[in-house]
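Colleague: Structure provided below as structure tokens; questions to follow.
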Amino acid sequence: MVTARVADREVDVLLVGAGPASDACATELRERGFEGSILLVGRELDPPYDRPPCSKELLRGETSREGIRLHPEEHWEQRGIELLTRTSVTKLDPAARSVQLSSKQEVVYGQALLATGAMVRRLNVEGSELEGIHYLRAPANAEAIHKDAAEAQRVVLVGGSYIGCEVAASMTMLGKRCTILMQEGHPLERGFGLRVGAWARGVLEAHEVEIVAEDELDFYRGDEDGHVEAVVCGSGRALEADLVVIGAGAVPDVMVARAAGLSLGASGGIECDSRLRTSADSVWAAGDVCEYDSAVHGRRLRVEHWEVALAQGRYVAASMLGKAESYSEIPYFWSDIGDWTTLEYVGPAQTWDRVVVRGSIEDGEAFSVWYVDQDRLVAALAVGRSEDLDHARRLMRSRVSVVEHETALCDVASDLSAVG
Ligand SMILES: Cc1cc2nc3c(=O)[nH]c(=O)nc-3n(C[C@H](O)[C@H](O)[C@H](O)COP(=O)(O)OP(=O)(O)OC[C@H]3O[C@@H](n4cnc5c(N)ncnc54)[C@H](O)[C@@H]3O)c2cc1C
């Protein structure tokens, strides 16, 4: 006799991954008056926390793991949100609308959000097993790096993106000698172009961070105790190191989605429509893992930005409750390079044919960079000029030609609200 399996429990909304996207979705559902049951499942030890401090205040020891929690403990109970930490969703069955948890429980859901985030991209070269080599994603990584830094003098950052720059700044602030090793010519150049890259390099070098550009990690050399002592580059150059932090990008965590047969996109994220719905009925995606049809950009998009995870989580809550408009936020990103400078960006631009600079990028104090592609504004970056980004958002949305406004964009005395 075949006995039908009965689920251990049922919930109205299941949120997979206890990061900011799920957290924002849960909170927003309650804000909007949703009275059904909500279960939030996360595999980390910590309840939802603020991840950006992992390369900043937490890494420098200025705050604690408890200090970066998004909510006080009573938040969940007060809102009737059930939070299960240290628990993974191991399997999703979209046809049965059920998941299996690592606790072996089976949960049937009405609607589900996959917000499983991203994982670090690993560089598996010779010597990777040596002590003193770290990746950075979670608070435990930040704490381990901070602990190792106490004994270290020379720190090598592999990768010239924002993680490499932020960690170099944090470690320099702790009195360490830092070197950034990267394939590109300047830090941050891949995302923001040559002029911003040259500016970022200037900021880092002014604080004595050494930049080793147009080179790459070949292997690590260790001492007789099994601890890293040098990063050996493709050029043959050896960079002495007591501590190495690798910031080589992240890959969306689609393990559950892939095994469940959901469609994946070209960037490896979970493919979603413009309402952030996946290919499975009643399953949404948000945050780093979500690759969606962006109505604003006219193409598929996946970004790894904190504010985007929050905005998408909130949007999914509304979408679950029947909101019909497409998700139309313009992604916003910021990066603090120590207490030296902060850059902010709206975009992202895929390609651009020129940049227009407002203010003096050479002084580096306050400027904005406007990325123009075929006469349309496709992104903007600001340092000390946050107010410019609202105008950039408006111009990106309206898709007007900015050609005849380029002089006004360059001139800090001109009124940006008159542009477009
Ligand atoms: C060190 C660091 C610094 C950053 N600084 C900035 C910054 O300054 N500015 C900025 O805009 N962005 C920054 N970011 C990026 C930002 O933190 C991410 O974009 C954001 O955290 C993405 O949120 P998310 O909810 O999509 O995923 P995540 O925050 O990755 O959360 C997803 C969670 O899901 C869990 N999970 C995955 N699979 C399962 C499963 N099967 N079952 C249960 N749980 C699962 C994961 O363990 C994780 O806890 C930074 C990222 C890092 C790593």
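Residues are named by chain letter and number: chains run A, B, ... in the order of the structure tokens, numbers start at 1 in each chain, and ligands are numbered from 1 in the order shown.
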Run DSSP on the backbone and grab whatever in region 21-237 of chain A lands in helix (DSSP H, G or I); send it over as an MDAnalysis selection string.

Modeller: chainID A and resid 21:31 52:55 66:68 74:79 139:149 162:173 189:206

Colleague: Using only C-alpha atoms and all ligand atoms, find each residue of chain A with at least one atom at most 7 Å away from an atom of ligand 1; report its shortest atom-to-atom pair and that distance in Å (one decimal), sort the rows by chain and rising residue number, and return the result as a Markdown table.

Modeller:
```
| residue | atom | partner | partner_atom_place_in_ligand_line | distance |
| --- | --- | --- | --- | --- |
| A:Val16 | CA | ligand 1 | 43 (C) | 5.4 |
| A:Gly17 | CA | ligand 1 | 34 (O) | 3.1 |
| A:Ala18 | CA | ligand 1 | 33 (C) | 4.8 |
| A:Gly19 | CA | ligand 1 | 31 (O) | 3.4 |
| A:Pro20 | CA | ligand 1 | 25 (O) | 4.1 |
| A:Ala21 | CA | ligand 1 | 25 (O) | 3.9 |
| A:Ser22 | CA | ligand 1 | 25 (O) | 6.0 |
| A:Val41 | CA | ligand 1 | 43 (C) | 5.4 |
| A:Gly42 | CA | ligand 1 | 44 (N) | 3.7 |
| A:Arg43 | CA | ligand 1 | 44 (N) | 4.1 |
| A:Glu44 | CA | ligand 1 | 47 (O) | 5.2 |
| A:Arg51 | CA | ligand 1 | 17 (O) | 4.6 |
| A:Pro52 | CA | ligand 1 | 5 (N) | 3.4 |
| A:Pro53 | CA | ligand 1 | 3 (C) | 6.3 |
| A:Cys54 | CA | ligand 1 | 1 (C) | 4.6 |
| A:Ser55 | CA | ligand 1 | 1 (C) | 4.5 |
| A:Thr87 | CA | ligand 1 | 43 (C) | 5.9 |
| A:Ser88 | CA | ligand 1 | 42 (N) | 3.4 |
| A:Val89 | CA | ligand 1 | 42 (N) | 3.9 |
| A:Thr90 | CA | ligand 1 | 41 (N) | 5.6 |
| A:Ala115 | CA | ligand 1 | 26 (O) | 5.3 |
| A:Thr116 | CA | ligand 1 | 37 (C) | 3.7 |
| A:Gly117 | CA | ligand 1 | 27 (O) | 3.2 |
| A:Ala118 | CA | ligand 1 | 30 (O) | 5.0 |
| A:Leu136 | CA | ligand 1 | 1 (C) | 5.6 |
| A:Arg137 | CA | ligand 1 | 53 (C) | 3.9 |
| A:Ala138 | CA | ligand 1 | 53 (C) | 6.5 |
| A:Ile163 | CA | ligand 1 | 1 (C) | 6.4 |
| A:Asp253 | CA | ligand 1 | 37 (C) | 6.3 |
| A:Val256 | CA | ligand 1 | 41 (N) | 5.8 |
| A:Ala286 | CA | ligand 1 | 26 (O) | 6.1 |
| A:Gly287 | CA | ligand 1 | 26 (O) | 3.2 |
| A:Asp288 | CA | ligand 1 | 26 (O) | 4.0 |
| A:Val289 | CA | ligand 1 | 26 (O) | 6.0 |
| A:Glu304 | CA | ligand 1 | 19 (O) | 3.8 |
| A:His305 | CA | ligand 1 | 19 (O) | 3.6 |
| A:Trp306 | CA | ligand 1 | 11 (O) | 3.9 |
| A:Glu307 | CA | ligand 1 | 11 (O) | 5.8 |
| A:Ala309 | CA | ligand 1 | 23 (O) | 4.9 |
| A:Tyr332 | CA | ligand 1 | 11 (O) | 6.9 |
| A:Phe333 | CA | ligand 1 | 11 (O) | 4.1 |
| A:Trp334 | CA | ligand 1 | 9 (N) | 4.7 |
| A:Ser335 | CA | ligand 1 | 8 (O) | 4.3 |
| A:Asp336 | CA | ligand 1 | 8 (O) | 6.2 |
```

Colleague: Write out the residues from the selection above, keeping N, CA and C atoms, as a short mmCIF file (atom, residue, chain, number, x, y, z; two decimals), in the first residue's frame.

Modeller:
```cif
data_model
loop_
_atom_site.label_atom_id
_atom_site.label_comp_id
_atom_site.auth_asym_id
_atom_site.auth_seq_id
_atom_site.Cartn_x
_atom_site.Cartn_y
_atom_site.Cartn_z
N VAL A 16 13.27 31.95 1.96
CA VAL A 16 14.47 31.11 2.01
C VAL A 16 15.71 31.99 1.99
N GLY A 17 16.52 31.90 3.07
CA GLY A 17 17.72 32.75 3.20
C GLY A 17 17.41 33.91 4.12
N ALA A 18 18.15 33.99 5.24
CA ALA A 18 17.83 35.05 6.23
C ALA A 18 18.71 36.27 6.05
N GLY A 19 18.80 36.76 4.82
CA GLY A 19 19.53 38.00 4.54
C GLY A 19 18.57 39.17 4.46
N PRO A 20 19.08 40.32 3.99
CA PRO A 20 18.23 41.52 3.95
C PRO A 20 17.01 41.42 3.04
N ALA A 21 17.12 40.67 1.96
CA ALA A 21 15.98 40.58 1.03
C ALA A 21 14.80 39.89 1.71
N SER A 22 15.06 38.74 2.34
CA SER A 22 13.98 38.03 3.04
C SER A 22 13.47 38.85 4.23
N VAL A 41 13.66 31.07 6.85
CA VAL A 41 14.64 30.01 7.12
C VAL A 41 16.02 30.44 6.64
N GLY A 42 17.01 30.43 7.55
CA GLY A 42 18.37 30.84 7.18
C GLY A 42 19.40 29.87 7.70
N ARG A 43 20.43 29.60 6.91
CA ARG A 43 21.38 28.57 7.36
C ARG A 43 22.49 29.13 8.25
N GLU A 44 22.60 30.46 8.33
CA GLU A 44 23.67 31.01 9.19
C GLU A 44 23.27 30.96 10.66
N ARG A 51 25.32 43.25 6.47
CA ARG A 51 26.53 42.63 5.92
C ARG A 51 27.64 43.65 5.59
N PRO A 52 27.31 44.84 5.04
CA PRO A 52 28.39 45.77 4.67
C PRO A 52 29.43 46.04 5.77
N PRO A 53 29.08 46.11 7.07
CA PRO A 53 30.14 46.33 8.07
C PRO A 53 31.19 45.22 8.13
N CYS A 54 30.92 44.07 7.49
CA CYS A 54 31.91 42.98 7.53
C CYS A 54 33.24 43.39 6.92
N SER A 55 33.24 44.36 6.00
CA SER A 55 34.52 44.82 5.44
C SER A 55 34.91 46.18 6.04
N THR A 87 19.38 26.63 9.86
CA THR A 87 18.54 25.66 9.14
C THR A 87 18.61 25.96 7.64
N SER A 88 18.88 24.93 6.85
CA SER A 88 18.91 25.12 5.40
C SER A 88 17.67 24.55 4.75
N VAL A 89 17.29 25.15 3.65
CA VAL A 89 16.32 24.50 2.77
C VAL A 89 17.16 23.62 1.86
N THR A 90 16.92 22.33 1.91
CA THR A 90 17.78 21.41 1.15
C THR A 90 17.15 21.02 -0.18
N ALA A 115 15.79 33.91 -1.61
CA ALA A 115 16.73 35.02 -1.43
C ALA A 115 18.00 34.44 -0.82
N THR A 116 18.63 33.57 -1.58
CA THR A 116 19.75 32.78 -1.07
C THR A 116 21.10 33.49 -1.26
N GLY A 117 21.09 34.70 -1.83
CA GLY A 117 22.31 35.51 -1.86
C GLY A 117 23.39 34.97 -2.78
N ALA A 118 24.62 35.21 -2.38
CA ALA A 118 25.76 34.83 -3.22
C ALA A 118 26.85 34.21 -2.36
N LEU A 136 35.96 36.69 2.39
CA LEU A 136 35.14 37.53 3.27
C LEU A 136 33.71 37.59 2.76
N ARG A 137 32.79 37.06 3.56
CA ARG A 137 31.37 37.17 3.22
C ARG A 137 30.54 37.41 4.48
N ALA A 138 30.87 36.67 5.53
CA ALA A 138 30.00 36.65 6.72
C ALA A 138 30.76 37.19 7.95
N ILE A 163 35.61 45.15 -2.47
CA ILE A 163 36.03 44.41 -1.27
C ILE A 163 37.52 44.64 -1.03
N ASP A 253 24.01 32.11 -5.32
CA ASP A 253 23.80 30.78 -4.74
C ASP A 253 22.48 30.21 -5.26
N VAL A 256 19.67 25.45 -4.61
CA VAL A 256 18.30 24.94 -4.43
C VAL A 256 17.49 25.17 -5.70
N ALA A 286 14.75 37.46 -4.98
CA ALA A 286 15.16 38.85 -4.69
C ALA A 286 16.60 38.85 -4.21
N GLY A 287 17.24 40.02 -4.36
CA GLY A 287 18.60 40.19 -3.85
C GLY A 287 19.65 39.70 -4.83
N ASP A 288 20.81 39.33 -4.29
CA ASP A 288 21.97 38.97 -5.12
C ASP A 288 21.69 37.84 -6.11
N VAL A 289 20.71 37.00 -5.79
CA VAL A 289 20.45 35.82 -6.60
C VAL A 289 19.48 36.11 -7.75
N GLU A 304 24.61 43.07 -7.02
CA GLU A 304 24.87 42.64 -5.64
C GLU A 304 25.03 43.88 -4.78
N HIS A 305 23.91 44.52 -4.50
CA HIS A 305 23.91 45.76 -3.71
C HIS A 305 22.93 45.62 -2.54
N TRP A 306 23.36 46.12 -1.41
CA TRP A 306 22.56 46.04 -0.20
C TRP A 306 21.18 46.67 -0.36
N GLU A 307 21.14 47.92 -0.83
CA GLU A 307 19.86 48.63 -0.93
C GLU A 307 18.93 47.94 -1.92
N ALA A 309 18.78 44.64 -2.45
CA ALA A 309 18.20 43.48 -1.76
C ALA A 309 17.01 43.93 -0.91
N TYR A 332 21.09 51.20 -6.56
CA TYR A 332 21.99 52.15 -5.88
C TYR A 332 23.01 51.35 -5.08
N PHE A 333 24.25 51.81 -5.12
CA PHE A 333 25.34 51.13 -4.42
C PHE A 333 26.22 52.19 -3.76
N TRP A 334 26.76 51.86 -2.60
CA TRP A 334 27.77 52.75 -2.01
C TRP A 334 28.93 51.92 -1.52
N SER A 335 30.07 52.56 -1.39
CA SER A 335 31.24 51.88 -0.84
C SER A 335 32.03 52.88 -0.01
N ASP A 336 32.33 52.49 1.24
CA ASP A 336 33.17 53.33 2.11
C ASP A 336 34.58 52.79 2.03
#
```

Colleague: Could you please write out, as an NGL selection string, every residue of region 261-369 of chain A that DSSP assigns to strand (DSSP E)?

Modeller: :A and (270-272 or 283-285 or 290-294 or 299-301 or 332-337 or 341-346 or 354-359 or 367-369)

Colleague: List the neighbours of region 175-182 of chain A out to 9 Å using only C-alpha atoms; skip same-chain residues closer than 4 positions along the sequence, and give me the result as a PyMOL selection string.

Modeller: chain A and resi 149+152-161+164-165+168-171+186-187+208-217+233+239+241

Colleague: Quick one: distance from CA of Leu204 (chain A) to CA of Gly338 (chain A) in Å, one decimal?

Modeller: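 For CA of Leu204 (chain A) relative to CA of Gly338 (chain A), the distance reads 9.9 Å.
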
Colleague: When you count only C-alpha atoms, which of these residues is closest to Glu271 (chain A): A:Leu381, A:Leu114, A:Ala413, A:Val232?

Modeller: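 Closest to Glu271 (chain A) of all the choices is A:Leu114.
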
Colleague: Return the single residue from A:Ala96, A:Val228, A:Val403, A:Ala248 that is closest to Ile133 (chain A), with distances computed using only C-alpha atoms.

Modeller: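 Under the stated criterion, the closest residue is A:Val228.
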
Colleague: Within 6 Å of region 366-373 of chain A, counting only C-alpha atoms, which residues qualify if same-chain residues fewer than 5 places away don't, as a list in words?

Modeller: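 Within the cut-off, the hits are Trp352, Asp353, Arg354, Val355, Val356, Val357, Arg358, Gly359, Ser360, Ile361, Val378, Ala379, Ala380, Leu381, Ala382, Val383, Gly384 and Arg385 of chain A.
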
Colleague: Taking 6 positions as the minimum chain separation for residues in the same chain, which residues sit within 9 Å of Pro47 (chain A) when counting only C-alpha atoms? Answer as a VMD selection string.

Modeller: chain A and resid 18 to 19 69 to 71 73 83 to 85

Colleague: Using all heavy atoms, can you write the selected residues to a file as a PDB file, in the first residue's frame?

Modeller:
```pdb
ATOM      1  N   ALA A  18      18.150  33.993   5.245  1.00  0.00           N
ATOM      2  CA  ALA A  18      17.834  35.045   6.230  1.00  0.00           C
ATOM      3  C   ALA A  18      18.713  36.269   6.048  1.00  0.00           C
ATOM      4  O   ALA A  18      19.325  36.768   6.985  1.00  0.00           O
ATOM      5  CB  ALA A  18      17.951  34.482   7.642  1.00  0.00           C
ATOM      6  N   GLY A  19      18.798  36.758   4.821  1.00  0.00           N
ATOM      7  CA  GLY A  19      19.531  37.995   4.539  1.00  0.00           C
ATOM      8  C   GLY A  19      18.571  39.170   4.459  1.00  0.00           C
ATOM      9  O   GLY A  19      17.387  39.046   4.784  1.00  0.00           O
ATOM     10  N   ARG A  69      23.266  43.360  14.158  1.00  0.00           N
ATOM     11  CA  ARG A  69      21.957  42.731  13.889  1.00  0.00           C
ATOM     12  C   ARG A  69      20.968  43.764  13.380  1.00  0.00           C
ATOM     13  O   ARG A  69      20.963  44.907  13.843  1.00  0.00           O
ATOM     14  CB  ARG A  69      21.410  42.094  15.167  1.00  0.00           C
ATOM     15  CG  ARG A  69      22.221  40.879  15.504  1.00  0.00           C
ATOM     16  CD  ARG A  69      21.577  40.032  16.553  1.00  0.00           C
ATOM     17  NE  ARG A  69      22.435  38.865  16.711  1.00  0.00           N
ATOM     18  CZ  ARG A  69      22.439  38.083  17.755  1.00  0.00           C
ATOM     19  NH1 ARG A  69      21.612  38.318  18.749  1.00  0.00           N
ATOM     20  NH2 ARG A  69      23.235  37.043  17.813  1.00  0.00           N
ATOM     21  N   LEU A  70      20.106  43.342  12.477  1.00  0.00           N
ATOM     22  CA  LEU A  70      19.159  44.291  11.888  1.00  0.00           C
ATOM     23  C   LEU A  70      18.042  44.665  12.863  1.00  0.00           C
ATOM     24  O   LEU A  70      17.467  45.748  12.747  1.00  0.00           O
ATOM     25  CB  LEU A  70      18.543  43.720  10.604  1.00  0.00           C
ATOM     26  CG  LEU A  70      19.480  43.622   9.393  1.00  0.00           C
ATOM     27  CD1 LEU A  70      18.732  43.065   8.185  1.00  0.00           C
ATOM     28  CD2 LEU A  70      20.079  44.988   9.047  1.00  0.00           C
ATOM     29  N   HIS A  71      17.724  43.757  13.804  1.00  0.00           N
ATOM     30  CA  HIS A  71      16.579  44.012  14.688  1.00  0.00           C
ATOM     31  C   HIS A  71      16.874  43.504  16.094  1.00  0.00           C
ATOM     32  O   HIS A  71      17.615  42.534  16.251  1.00  0.00           O
ATOM     33  CB  HIS A  71      15.329  43.257  14.200  1.00  0.00           C
ATOM     34  CG  HIS A  71      15.000  43.508  12.769  1.00  0.00           C
ATOM     35  ND1 HIS A  71      14.541  44.724  12.323  1.00  0.00           N
ATOM     36  CD2 HIS A  71      15.063  42.703  11.682  1.00  0.00           C
ATOM     37  CE1 HIS A  71      14.328  44.648  11.014  1.00  0.00           C
ATOM     38  NE2 HIS A  71      14.647  43.447  10.603  1.00  0.00           N
ATOM     39  N   GLU A  73      15.844  41.328  19.443  1.00  0.00           N
ATOM     40  CA  GLU A  73      15.322  39.959  19.469  1.00  0.00           C
ATOM     41  C   GLU A  73      13.800  39.878  19.402  1.00  0.00           C
ATOM     42  O   GLU A  73      13.230  38.984  18.778  1.00  0.00           O
ATOM     43  CB  GLU A  73      15.809  39.304  20.767  1.00  0.00           C
ATOM     44  CG  GLU A  73      16.287  37.892  20.572  1.00  0.00           C
ATOM     45  CD  GLU A  73      17.003  37.424  21.814  1.00  0.00           C
ATOM     46  OE1 GLU A  73      18.027  38.053  22.164  1.00  0.00           O
ATOM     47  OE2 GLU A  73      16.516  36.454  22.437  1.00  0.00           O
ATOM     48  N   LEU A  83      11.295  32.749  12.804  1.00  0.00           N
ATOM     49  CA  LEU A  83      12.664  32.746  12.257  1.00  0.00           C
ATOM     50  C   LEU A  83      13.372  31.457  12.655  1.00  0.00           C
ATOM     51  O   LEU A  83      13.489  31.152  13.839  1.00  0.00           O
ATOM     52  CB  LEU A  83      13.421  33.967  12.816  1.00  0.00           C
ATOM     53  CG  LEU A  83      14.913  34.025  12.536  1.00  0.00           C
ATOM     54  CD1 LEU A  83      15.187  34.175  11.041  1.00  0.00           C
ATOM     55  CD2 LEU A  83      15.546  35.204  13.299  1.00  0.00           C
ATOM     56  N   LEU A  84      13.824  30.708  11.671  1.00  0.00           N
ATOM     57  CA  LEU A  84      14.618  29.502  11.947  1.00  0.00           C
ATOM     58  C   LEU A  84      16.038  29.748  11.463  1.00  0.00           C
ATOM     59  O   LEU A  84      16.278  29.788  10.251  1.00  0.00           O
ATOM     60  CB  LEU A  84      14.063  28.305  11.173  1.00  0.00           C
ATOM     61  CG  LEU A  84      12.802  27.600  11.645  1.00  0.00           C
ATOM     62  CD1 LEU A  84      12.494  26.415  10.730  1.00  0.00           C
ATOM     63  CD2 LEU A  84      12.971  27.113  13.085  1.00  0.00           C
ATOM     64  N   THR A  85      16.986  29.951  12.377  1.00  0.00           N
ATOM     65  CA  THR A  85      18.387  30.090  11.961  1.00  0.00           C
ATOM     66  C   THR A  85      19.031  28.698  11.990  1.00  0.00           C
ATOM     67  O   THR A  85      18.411  27.722  12.434  1.00  0.00           O
ATOM     68  CB  THR A  85      19.154  31.053  12.897  1.00  0.00           C
ATOM     69  OG1 THR A  85      18.971  30.607  14.225  1.00  0.00           O
ATOM     70  CG2 THR A  85      18.653  32.481  12.752  1.00  0.00           C
TER      71      THR A  85
END
```

Colleague: Considering only C-alpha atoms, can you say which of A:Gly36, A:Lys56, A:Gln100, A:Ser326 comes closest to Asp8 (chain A)?

Modeller: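 Smallest separation from Asp8 (chain A) among the options: A:Gln100.
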
Colleague: Of the residues A:Leu15, A:Val412, A:Val231, A:Ala260, which is the one nearest to Ser279 (chain A), using only C-alpha atoms?

Modeller: A:Ala260

Colleague: Could you name the residues that touch Asp148 (chain A) at 9 Å or less, counting only C-alpha atoms, but leaving out those on the same chain fewer than 5 positions away, as number ranges by chain?

Modeller: A: 132, 143, 242-243

Colleague: Let's have the selection written as a CSV table (one decimal), in the first residue's frame, with N, CA, C and O atoms.

Modeller:
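Done, and the output landed in result-v9.csv:
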```
chain,number,residue,atom,x,y,z
A,132,GLY,N,46.2,31.7,7.1
A,132,GLY,CA,46.4,33.1,6.9
A,132,GLY,C,45.7,33.6,5.6
A,132,GLY,O,45.9,34.7,5.2
A,143,GLU,N,35.6,38.4,11.6
A,143,GLU,CA,36.2,38.2,13.0
A,143,GLU,C,37.5,37.4,12.8
A,143,GLU,O,38.5,37.7,13.5
A,242,ASP,N,51.6,38.2,5.5
A,242,ASP,CA,51.3,37.4,6.7
A,242,ASP,C,49.8,37.1,6.7
A,242,ASP,O,49.4,36.2,7.4
A,243,LEU,N,49.1,37.9,5.9
A,243,LEU,CA,47.6,37.7,5.8
A,243,LEU,C,47.2,38.1,4.4
A,243,LEU,O,47.7,39.0,3.8
```

Colleague: For CA of Lys104 (chain A) and CA of Val13 (chain A), quote the distance in Å rounded to one decimal.

Modeller: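 Separation between CA of Lys104 (chain A) and CA of Val13 (chain A): 18.9 Å.
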